[in-house]
$ cat work.csv   # CSV, C-alpha atoms (C1' of nucleotides)
chain,number,residue,atom,x,y,z
U,1,MET,CA,8.7,-153.9,-15.9
U,2,SER,CA,6.2,-156.0,-13.9
U,3,THR,CA,8.1,-159.3,-14.1
U,4,ARG,CA,9.5,-160.2,-10.8
U,5,THR,CA,13.1,-161.3,-10.8
U,6,ILE,CA,13.1,-164.9,-11.4
U,7,LYS,CA,15.8,-167.1,-10.1
U,8,PRO,CA,15.0,-170.8,-10.3
U,9,THR,CA,16.9,-173.1,-8.0
U,10,GLU,CA,19.0,-176.0,-9.3
U,11,SER,CA,16.1,-178.4,-9.0
U,12,GLU,CA,13.6,-176.0,-10.6
U,13,LEU,CA,15.9,-175.6,-13.5
U,14,GLU,CA,16.0,-179.3,-14.1
U,15,ILE,CA,12.2,-179.3,-14.2
U,16,LEU,CA,12.1,-176.3,-16.5
U,17,GLN,CA,14.4,-178.1,-18.9
U,18,VAL,CA,11.9,-180.9,-19.3
U,19,LEU,CA,9.0,-178.5,-19.6
U,20,TRP,CA,10.8,-176.4,-22.3
U,21,ASP,CA,11.5,-179.6,-24.1
U,22,ARG,CA,7.9,-181.0,-24.0
U,23,ASN,CA,5.9,-177.9,-23.7
U,24,LEU,CA,3.2,-179.8,-21.9
U,25,ALA,CA,3.8,-182.4,-19.2
U,26,SER,CA,2.3,-184.0,-16.2
U,27,VAL,CA,4.2,-184.4,-12.9
U,28,ARG,CA,4.7,-188.1,-13.9
U,29,ASP,CA,6.2,-187.1,-17.2
U,30,VAL,CA,8.6,-184.8,-15.6
U,31,HIS,CA,9.4,-187.2,-12.8
U,32,GLU,CA,10.2,-190.1,-15.2
U,33,GLU,CA,12.5,-187.9,-17.2
U,34,LEU,CA,14.3,-186.7,-14.1
U,35,SER,CA,14.6,-190.3,-12.8
U,36,LYS,CA,16.8,-191.2,-15.7
U,37,THR,CA,19.6,-189.2,-14.1
U,38,LYS,CA,18.5,-188.6,-10.6
U,39,GLU,CA,17.3,-190.5,-7.6
U,40,SER,CA,14.2,-189.0,-5.9
U,41,GLY,CA,10.6,-189.7,-5.0
U,42,TYR,CA,7.6,-188.8,-7.0
U,43,THR,CA,6.1,-186.6,-4.3
U,44,THR,CA,9.3,-184.6,-4.3
U,45,THR,CA,8.9,-183.7,-7.9
U,46,LEU,CA,5.2,-183.0,-7.3
U,47,LYS,CA,6.0,-180.7,-4.4
U,48,LEU,CA,8.6,-178.8,-6.4
U,49,MET,CA,6.2,-178.3,-9.2
U,50,GLN,CA,3.5,-177.1,-6.9
U,51,ILE,CA,5.9,-174.6,-5.4
U,52,MET,CA,7.0,-173.5,-8.9
U,53,HIS,CA,3.3,-172.9,-9.6
U,54,GLU,CA,3.0,-170.7,-6.5
U,55,LYS,CA,6.0,-168.7,-7.6
U,56,GLY,CA,4.6,-168.3,-11.1
U,57,LEU,CA,7.4,-170.3,-12.8
U,58,VAL,CA,4.9,-172.6,-14.3
U,59,LYS,CA,1.3,-172.6,-15.4
U,60,ARG,CA,-1.1,-175.5,-15.1
U,61,ASP,CA,-4.3,-176.9,-16.3
U,62,ASP,CA,-6.1,-178.6,-13.4
U,63,SER,CA,-9.4,-179.2,-15.1
U,64,SER,CA,-8.9,-182.9,-15.1
U,65,LYS,CA,-7.4,-185.1,-12.4
U,66,THR,CA,-3.9,-185.2,-13.8
U,67,HIS,CA,-2.7,-181.6,-13.9
U,68,ILE,CA,-0.8,-180.6,-17.0
U,69,TYR,CA,2.0,-178.2,-16.5
U,70,GLN,CA,3.8,-175.7,-18.8
U,71,ALA,CA,6.7,-173.4,-18.2
U,72,SER,CA,5.6,-169.8,-17.9
U,73,VAL,CA,9.0,-168.3,-18.2
U,74,SER,CA,10.8,-168.7,-21.6
U,75,LYS,CA,14.0,-170.5,-22.0
U,76,GLU,CA,15.6,-167.6,-23.7
U,77,LYS,CA,14.6,-165.1,-21.1
U,78,THR,CA,15.8,-167.3,-18.3
U,79,GLN,CA,19.1,-168.0,-20.1
U,80,LYS,CA,19.6,-164.3,-20.6
U,81,HIS,CA,18.9,-163.5,-17.1
U,82,LEU,CA,21.1,-166.1,-15.5
U,83,LEU,CA,23.9,-165.5,-17.9
U,84,GLY,CA,23.9,-161.8,-17.1
U,85,LYS,CA,24.0,-162.7,-13.4
U,86,MET,CA,27.0,-164.9,-14.0
U,87,ILE,CA,28.8,-162.3,-16.0
U,88,ASN,CA,28.4,-159.9,-13.2
U,89,ASN,CA,29.1,-162.2,-10.3
U,90,LEU,CA,31.9,-164.2,-11.7
U,91,PHE,CA,33.4,-162.5,-14.7
U,92,GLY,CA,33.7,-158.9,-13.4
U,93,GLY,CA,31.0,-157.7,-15.8
U,94,SER,CA,32.9,-158.7,-18.9
U,95,PRO,CA,31.0,-160.9,-21.3
U,96,THR,CA,34.2,-161.2,-23.3
U,97,THR,CA,36.0,-163.0,-20.6
U,98,LEU,CA,33.2,-165.4,-20.3
U,99,VAL,CA,33.2,-166.0,-24.0
U,100,LEU,CA,36.9,-166.6,-24.1
U,101,GLN,CA,36.6,-169.1,-21.2
U,102,ALA,CA,33.7,-170.9,-22.8
U,103,LEU,CA,35.4,-171.2,-26.2
U,104,GLY,CA,38.8,-172.1,-24.7
U,105,ASN,CA,37.5,-174.8,-22.4
U,106,HIS,CA,34.8,-176.5,-24.4
U,107,LYS,CA,35.1,-178.0,-27.8
U,108,ALA,CA,33.1,-176.6,-30.6
U,109,SER,CA,32.6,-178.1,-34.1
U,110,PRO,CA,33.8,-176.3,-37.2
U,111,ALA,CA,30.1,-175.6,-38.0
U,112,GLU,CA,29.6,-174.0,-34.7
U,113,LEU,CA,32.8,-172.0,-35.0
U,114,GLU,CA,31.4,-170.8,-38.3
U,115,GLU,CA,28.2,-169.8,-36.7
U,116,ILE,CA,30.1,-167.7,-34.1
U,117,GLN,CA,32.1,-166.2,-36.9
U,118,GLN,CA,29.0,-165.0,-38.6
U,119,LEU,CA,27.7,-163.3,-35.5
U,120,LEU,CA,31.1,-161.8,-34.9
U,121,ASN,CA,31.2,-160.4,-38.4
U,122,ASN,CA,27.8,-158.8,-37.9
U,123,LEU,CA,28.9,-157.2,-34.7
U,124,LYS,CA,32.1,-155.9,-36.3
U,125,ASN,CA,30.2,-154.2,-39.1
U,126,GLN,CA,28.2,-151.9,-36.9
W,127,MET,CA,42.2,-185.0,-7.7
W,128,SER,CA,41.0,-184.8,-4.1
W,129,THR,CA,39.2,-181.5,-4.5
W,130,ARG,CA,35.6,-181.8,-3.6
W,131,THR,CA,33.2,-180.1,-6.0
W,132,ILE,CA,32.9,-176.6,-4.9
W,133,LYS,CA,29.9,-174.5,-5.4
W,134,PRO,CA,30.1,-171.1,-3.7
W,135,THR,CA,26.8,-169.4,-2.9
W,136,GLU,CA,25.9,-166.0,-4.1
W,137,SER,CA,27.4,-164.3,-1.1
W,138,GLU,CA,30.5,-166.4,-1.0
W,139,LEU,CA,31.1,-165.5,-4.6
W,140,GLU,CA,31.0,-161.8,-3.7
W,141,ILE,CA,33.6,-162.4,-1.1
W,142,LEU,CA,35.8,-164.4,-3.4
W,143,GLN,CA,35.7,-161.6,-5.9
W,144,VAL,CA,37.3,-159.3,-3.4
W,145,LEU,CA,39.9,-161.9,-2.3
W,146,TRP,CA,40.8,-162.6,-5.9
W,147,ASP,CA,41.3,-158.9,-6.4
W,148,ARG,CA,43.4,-158.3,-3.4
W,149,ASN,CA,45.0,-161.6,-2.8
W,150,LEU,CA,45.2,-160.9,1.0
W,151,ALA,CA,42.5,-159.3,3.0
W,152,SER,CA,41.1,-159.0,6.5
W,153,VAL,CA,37.4,-159.4,7.2
W,154,ARG,CA,37.2,-155.6,7.5
W,155,ASP,CA,38.8,-155.1,4.1
W,156,VAL,CA,36.3,-157.4,2.5
W,157,HIS,CA,33.4,-156.0,4.4
W,158,GLU,CA,34.2,-152.4,3.5
W,159,GLU,CA,34.5,-153.4,-0.1
W,160,LEU,CA,31.1,-155.2,0.0
W,161,SER,CA,29.5,-152.2,1.8
W,162,LYS,CA,30.0,-150.1,-1.2
W,163,THR,CA,27.2,-152.0,-3.0
W,164,LYS,CA,25.5,-153.9,-0.2
W,165,GLU,CA,23.9,-153.4,3.1
W,166,SER,CA,24.8,-155.8,5.8
W,167,GLY,CA,26.6,-156.0,9.2
W,168,TYR,CA,30.2,-156.7,9.9
W,169,THR,CA,29.6,-159.9,11.8
W,170,THR,CA,27.6,-161.2,8.8
W,171,THR,CA,30.7,-161.0,6.6
W,172,LEU,CA,32.8,-162.4,9.4
W,173,LYS,CA,30.5,-165.4,9.8
W,174,LEU,CA,30.4,-166.1,6.1
W,175,MET,CA,34.2,-166.0,5.9
W,176,GLN,CA,34.4,-168.4,8.8
W,177,ILE,CA,32.1,-170.8,7.1
W,178,MET,CA,34.1,-170.5,3.9
W,179,HIS,CA,37.1,-171.4,5.9
W,180,GLU,CA,35.4,-174.5,7.3
W,181,LYS,CA,34.4,-175.4,3.8
W,182,GLY,CA,38.0,-174.9,2.5
W,183,LEU,CA,37.1,-172.1,0.2
W,184,VAL,CA,39.6,-169.8,1.8
W,185,LYS,CA,42.8,-170.1,3.8
W,186,ARG,CA,43.7,-167.8,6.6
W,187,ASP,CA,46.6,-166.7,8.7
W,188,ASP,CA,45.5,-166.3,12.3
W,189,SER,CA,48.8,-165.8,13.9
W,190,SER,CA,48.0,-162.2,14.8
W,191,LYS,CA,44.8,-160.8,16.1
W,192,THR,CA,43.4,-159.7,12.8
W,193,HIS,CA,43.1,-162.8,10.6
W,194,ILE,CA,44.2,-162.5,7.1
W,195,TYR,CA,42.3,-164.4,4.5
W,196,GLN,CA,43.1,-165.6,1.0
W,197,ALA,CA,41.1,-167.5,-1.6
W,198,SER,CA,42.1,-171.2,-1.8
W,199,VAL,CA,40.2,-171.8,-5.0
W,200,SER,CA,41.5,-170.0,-8.1
W,201,LYS,CA,39.3,-167.6,-10.0
W,202,GLU,CA,39.9,-169.5,-13.3
W,203,LYS,CA,39.0,-172.9,-11.8
W,204,THR,CA,35.9,-171.6,-10.3
W,205,GLN,CA,34.8,-169.8,-13.5
W,206,LYS,CA,35.5,-173.0,-15.5
W,207,HIS,CA,33.5,-175.1,-13.1
W,208,LEU,CA,30.5,-172.9,-12.8
W,209,LEU,CA,30.4,-172.1,-16.5
W,210,GLY,CA,30.5,-175.9,-17.3
W,211,LYS,CA,27.6,-176.3,-14.9
W,212,MET,CA,25.6,-173.6,-16.5
W,213,ILE,CA,26.2,-174.9,-20.0
W,214,ASN,CA,24.9,-178.3,-18.9
W,215,ASN,CA,22.0,-177.1,-16.8
W,216,LEU,CA,20.8,-174.3,-19.0
W,217,PHE,CA,22.2,-174.5,-22.5
W,218,GLY,CA,21.6,-178.2,-23.1
W,219,GLY,CA,25.4,-178.9,-23.1
W,220,SER,CA,26.1,-176.5,-26.0
W,221,PRO,CA,28.8,-173.9,-25.2
W,222,THR,CA,28.1,-172.4,-28.6
W,223,THR,CA,24.5,-171.5,-27.6
W,224,LEU,CA,25.9,-169.8,-24.6
W,225,VAL,CA,28.5,-167.9,-26.6
W,226,LEU,CA,25.9,-166.7,-29.1
W,227,GLN,CA,23.7,-165.6,-26.3
W,228,ALA,CA,26.5,-163.8,-24.5
W,229,LEU,CA,27.7,-162.0,-27.6
W,230,GLY,CA,24.2,-161.2,-28.8
W,231,ASN,CA,22.9,-159.7,-25.6
W,232,HIS,CA,25.9,-157.9,-24.2
W,233,LYS,CA,27.9,-155.2,-25.8
W,234,ALA,CA,31.6,-155.8,-26.5
W,235,SER,CA,34.1,-153.2,-27.7
W,236,PRO,CA,35.9,-153.5,-31.0
W,237,ALA,CA,39.1,-154.5,-29.1
W,238,GLU,CA,37.2,-157.3,-27.4
W,239,LEU,CA,35.7,-158.5,-30.6
W,240,GLU,CA,39.2,-158.6,-32.0
W,241,GLU,CA,40.4,-160.7,-29.1
W,242,ILE,CA,37.6,-163.2,-29.7
W,243,GLN,CA,38.4,-163.2,-33.4
W,244,GLN,CA,42.0,-164.2,-32.5
W,245,LEU,CA,40.9,-167.1,-30.4
W,246,LEU,CA,38.5,-168.1,-33.1
W,247,ASN,CA,41.2,-168.2,-35.7
W,248,ASN,CA,43.3,-170.4,-33.5
W,249,LEU,CA,40.5,-172.8,-33.0
W,250,LYS,CA,39.7,-172.9,-36.7
W,251,ASN,CA,43.3,-173.8,-37.7
W,252,GLN,CA,43.5,-176.9,-35.7
E,253,DA,C1',-20.8,-200.5,-6.0
E,254,DA,C1',-16.4,-202.0,-4.1
E,255,DT,C1',-11.7,-202.1,-4.8
E,256,DC,C1',-7.5,-200.6,-6.6
E,257,DA,C1',-4.2,-197.4,-8.6
E,258,DT,C1',-3.0,-192.8,-9.4
E,259,DT,C1',-2.7,-188.2,-8.2
E,260,DT,C1',-3.0,-184.2,-5.4
E,261,DA,C1',-2.7,-181.9,-1.0
E,262,DC,C1',-0.5,-181.1,3.2
E,263,DG,C1',2.5,-181.2,6.9
E,264,DA,C1',6.9,-182.0,8.6
E,265,DA,C1',11.7,-182.6,8.8
E,266,DA,C1',16.8,-181.9,7.4
E,267,DT,C1',20.0,-179.0,5.5
E,268,DA,C1',21.7,-174.6,3.7
E,269,DT,C1',21.9,-169.7,3.6
E,270,DG,C1',22.0,-165.2,5.4
E,271,DT,C1',21.3,-162.4,9.2
E,272,DC,C1',22.7,-160.5,13.6
E,273,DG,C1',23.5,-159.8,18.9
E,274,DT,C1',26.3,-160.5,22.6
E,275,DA,C1',30.3,-162.0,25.0
E,276,DA,C1',35.1,-162.9,25.1
E,277,DA,C1',39.8,-162.0,23.6
E,278,DT,C1',43.2,-159.0,21.9
E,279,DT,C1',45.4,-154.8,20.8
E,280,DA,C1',46.1,-149.8,21.0
E,281,DG,C1',45.9,-145.3,23.3
E,282,DT,C1',46.5,-142.6,27.3
Y,283,DA,C1',47.7,-150.3,34.2
Y,284,DC,C1',43.1,-148.9,32.6
Y,285,DT,C1',40.0,-147.9,29.2
Y,286,DA,C1',38.4,-148.0,24.7
Y,287,DA,C1',38.2,-149.9,20.2
Y,288,DT,C1',38.6,-153.8,17.3
Y,289,DT,C1',38.1,-158.5,16.3
Y,290,DT,C1',36.8,-163.1,16.8
Y,291,DA,C1',33.8,-166.8,18.5
Y,292,DC,C1',29.4,-168.5,19.3
Y,293,DG,C1',24.7,-169.2,19.4
Y,294,DA,C1',20.3,-168.1,17.6
Y,295,DC,C1',16.8,-167.1,14.3
Y,296,DA,C1',14.3,-166.5,9.7
Y,297,DT,C1',13.9,-168.0,5.4
Y,298,DA,C1',14.7,-171.1,1.4
Y,299,DT,C1',15.5,-175.6,-0.5
Y,300,DT,C1',14.9,-180.3,-0.9
Y,301,DT,C1',13.1,-184.3,0.8
Y,302,DC,C1',9.3,-187.6,1.9
Y,303,DG,C1',5.2,-189.8,4.4
Y,304,DT,C1',0.5,-190.0,4.9
Y,305,DA,C1',-4.2,-188.9,3.9
Y,306,DA,C1',-7.7,-187.4,0.8
Y,307,DA,C1',-9.6,-187.1,-3.7
Y,308,DT,C1',-10.2,-188.8,-8.2
Y,309,DG,C1',-10.7,-192.1,-11.8
Y,310,DA,C1',-10.4,-196.8,-13.7
Y,311,DT,C1',-11.5,-202.0,-13.3
Y,312,DT,C1',-14.1,-205.6,-12.3
$ encode --input "work.csv" --output "structure tokens"
Amino acid sequence: MSTRTIKPTESELEILQVLWDRNLASVRDVHEELSKTKESGYTTTLKLMQIMHEKGLVKRDDSSKTHIYQASVSKEKTQKHLLGKMINNLFGGSPTTLVLQALGNHKASPAELEEIQQLLNNLKNQ
Amino acid sequence: MSTRTIKPTESELEILQVLWDRNLASVRDVHEELSKTKESGYTTTLKLMQIMHEKGLVKRDDSSKTHIYQASVSKEKTQKHLLGKMINNLFGGSPTTLVLQALGNHKASPAELEEIQQLLNNLKNQ
DNA sequence: AATCATTTACGAAATATGTCGTAAATTAGT
DNA sequence: ACTAATTTACGACATATTTCGTAAATGATT
């Protein structure tokens, strides 16, 4: 299916988060966002984003001095891909085990529980 | 709390899977299991397991020639840790989003759906 | 136009990961 | 006891990841 298997690294994922949020962003935009929770130099972020561009993880418009970046992999697709990997690598291929762990260990609001219930009902009636 | 934050690599996770399954295993045991799905040399597996020992990911009994290894991190703890990381890094801190993705994209049997329903009921009545 | 600030490009280094070859030690078979 | 097989130890290398410094290019200020 054409698409190379994409496996962003930890740092690349942080950058993708910002790009998914903003859609368009310069290196400076991304770097300032990351700086809120992380200590690292501007050129580090720049280099990472250049490498991501080489890999095809991001697109960019370099028609003006300040290049504008955009994610070229969708959030949903990436989530799906990495989730599948985790299910295989860590949960013996059982999504159910993962779901039980996630629900058991992390609080969810009544509204969220209801949302899950909805989906569950759909899956049952099939 | 002592325990350093442990983040096994891809290969280390494969090895841990085997150790979690068997509890006790030699390098050869592990390597033969991995060989079923993966192509790599015996000394590679050995080296990885030695490094895992240095890192404290595994314990070993080296009283006889063939060293016997055992995981020193529990499956549940590791799952919990990496799942939490993924929720933060990739699902904006929302376990619900992850659960919905997991249920939506991966098939679950009626029995499994029932199991999830049980847990859901418990969480609701709280 | 000259200067200053911002941005990109590039190279280089530190660490981690995964790979294996070879040698030494240990055990088993004869 | 000798030989063969197995296992560990160790060093080395290739690649990937993360980090930054410095220089060049670009654009803005005066």
$ interface_residues --input "work.csv" --of "chain W" --to "chain Y" --cutoff "9 Å" --atoms "all atoms listed in the file" --output "JSON, numbers by chain"
{"W": [172, 191, 192, 193]}
$ atom_distance --input "work.csv" --atom1 "CA of Lys185 (chain W)" --atom2 "C1' of DT269 (chain E)"
20.9 Å
$ interface_residues --input "work.csv" --of "chain E" --to "chain U" --cutoff "12 Å" --atoms "only C-alpha atoms (C1' of nucleotides)" --output "ChimeraX atom specification"
/E:258-263
$ interface_residues --input "work.csv" --of "chain W" --to "chain U" --cutoff "9 Å" --atoms "only C-alpha atoms" --output "PyMOL selection string"
chain W and resi 136+139-140+143+201-202+204-206+208-210+212-213+215-218+220-222+224-234+236+238-243+245-246+249-250
$ write_last_selection --input "work.csv" --atoms "C-alpha atoms" --output "PDB file, keeping the file's coordinate frame"
ATOM      1  CA  GLU W 136      25.900-166.000  -4.100  1.00  0.00           C
ATOM      2  CA  LEU W 139      31.100-165.500  -4.600  1.00  0.00           C
ATOM      3  CA  GLU W 140      31.000-161.800  -3.700  1.00  0.00           C
ATOM      4  CA  GLN W 143      35.700-161.600  -5.900  1.00  0.00           C
ATOM      5  CA  LYS W 201      39.300-167.600 -10.000  1.00  0.00           C
ATOM      6  CA  GLU W 202      39.900-169.500 -13.300  1.00  0.00           C
ATOM      7  CA  THR W 204      35.900-171.600 -10.300  1.00  0.00           C
ATOM      8  CA  GLN W 205      34.800-169.800 -13.500  1.00  0.00           C
ATOM      9  CA  LYS W 206      35.500-173.000 -15.500  1.00  0.00           C
ATOM     10  CA  LEU W 208      30.500-172.900 -12.800  1.00  0.00           C
ATOM     11  CA  LEU W 209      30.400-172.100 -16.500  1.00  0.00           C
ATOM     12  CA  GLY W 210      30.500-175.900 -17.300  1.00  0.00           C
ATOM     13  CA  MET W 212      25.600-173.600 -16.500  1.00  0.00           C
ATOM     14  CA  ILE W 213      26.200-174.900 -20.000  1.00  0.00           C
ATOM     15  CA  ASN W 215      22.000-177.100 -16.800  1.00  0.00           C
ATOM     16  CA  LEU W 216      20.800-174.300 -19.000  1.00  0.00           C
ATOM     17  CA  PHE W 217      22.200-174.500 -22.500  1.00  0.00           C
ATOM     18  CA  GLY W 218      21.600-178.200 -23.100  1.00  0.00           C
ATOM     19  CA  SER W 220      26.100-176.500 -26.000  1.00  0.00           C
ATOM     20  CA  PRO W 221      28.800-173.900 -25.200  1.00  0.00           C
ATOM     21  CA  THR W 222      28.100-172.400 -28.600  1.00  0.00           C
ATOM     22  CA  LEU W 224      25.900-169.800 -24.600  1.00  0.00           C
ATOM     23  CA  VAL W 225      28.500-167.900 -26.600  1.00  0.00           C
ATOM     24  CA  LEU W 226      25.900-166.700 -29.100  1.00  0.00           C
ATOM     25  CA  GLN W 227      23.700-165.600 -26.300  1.00  0.00           C
ATOM     26  CA  ALA W 228      26.500-163.800 -24.500  1.00  0.00           C
ATOM     27  CA  LEU W 229      27.700-162.000 -27.600  1.00  0.00           C
ATOM     28  CA  GLY W 230      24.200-161.200 -28.800  1.00  0.00           C
ATOM     29  CA  ASN W 231      22.900-159.700 -25.600  1.00  0.00           C
ATOM     30  CA  HIS W 232      25.900-157.900 -24.200  1.00  0.00           C
ATOM     31  CA  LYS W 233      27.900-155.200 -25.800  1.00  0.00           C
ATOM     32  CA  ALA W 234      31.600-155.800 -26.500  1.00  0.00           C
ATOM     33  CA  PRO W 236      35.900-153.500 -31.000  1.00  0.00           C
ATOM     34  CA  GLU W 238      37.200-157.300 -27.400  1.00  0.00           C
ATOM     35  CA  LEU W 239      35.700-158.500 -30.600  1.00  0.00           C
ATOM     36  CA  GLU W 240      39.200-158.600 -32.000  1.00  0.00           C
ATOM     37  CA  GLU W 241      40.400-160.700 -29.100  1.00  0.00           C
ATOM     38  CA  ILE W 242      37.600-163.200 -29.700  1.00  0.00           C
ATOM     39  CA  GLN W 243      38.400-163.200 -33.400  1.00  0.00           C
ATOM     40  CA  LEU W 245      40.900-167.100 -30.400  1.00  0.00           C
ATOM     41  CA  LEU W 246      38.500-168.100 -33.100  1.00  0.00           C
ATOM     42  CA  LEU W 249      40.500-172.800 -33.000  1.00  0.00           C
ATOM     43  CA  LYS W 250      39.700-172.900 -36.700  1.00  0.00           C
TER      44      LYS W 250
END
$ atom_distance --input "work.csv" --atom1 "CA of Leu183 (chain W)" --atom2 "CA of Asn149 (chain W)"
13.5 Å
$ atom_distance --input "work.csv" --atom1 "CA of Ala151 (chain W)" --atom2 "C1' of DA276 (chain E)"
23.6 Å
$ residues_around --input "work.csv" --residues "Ser26 (chain U)" --least-positions-apart "4" --cutoff "10 Å" --atoms "all atoms listed in the file" --output "list in words"
Leu19, Val30, His31, Leu46, Met49, Arg60, Asp61, Thr66, His67, Ile68, Tyr69 and Gln70 of chain U
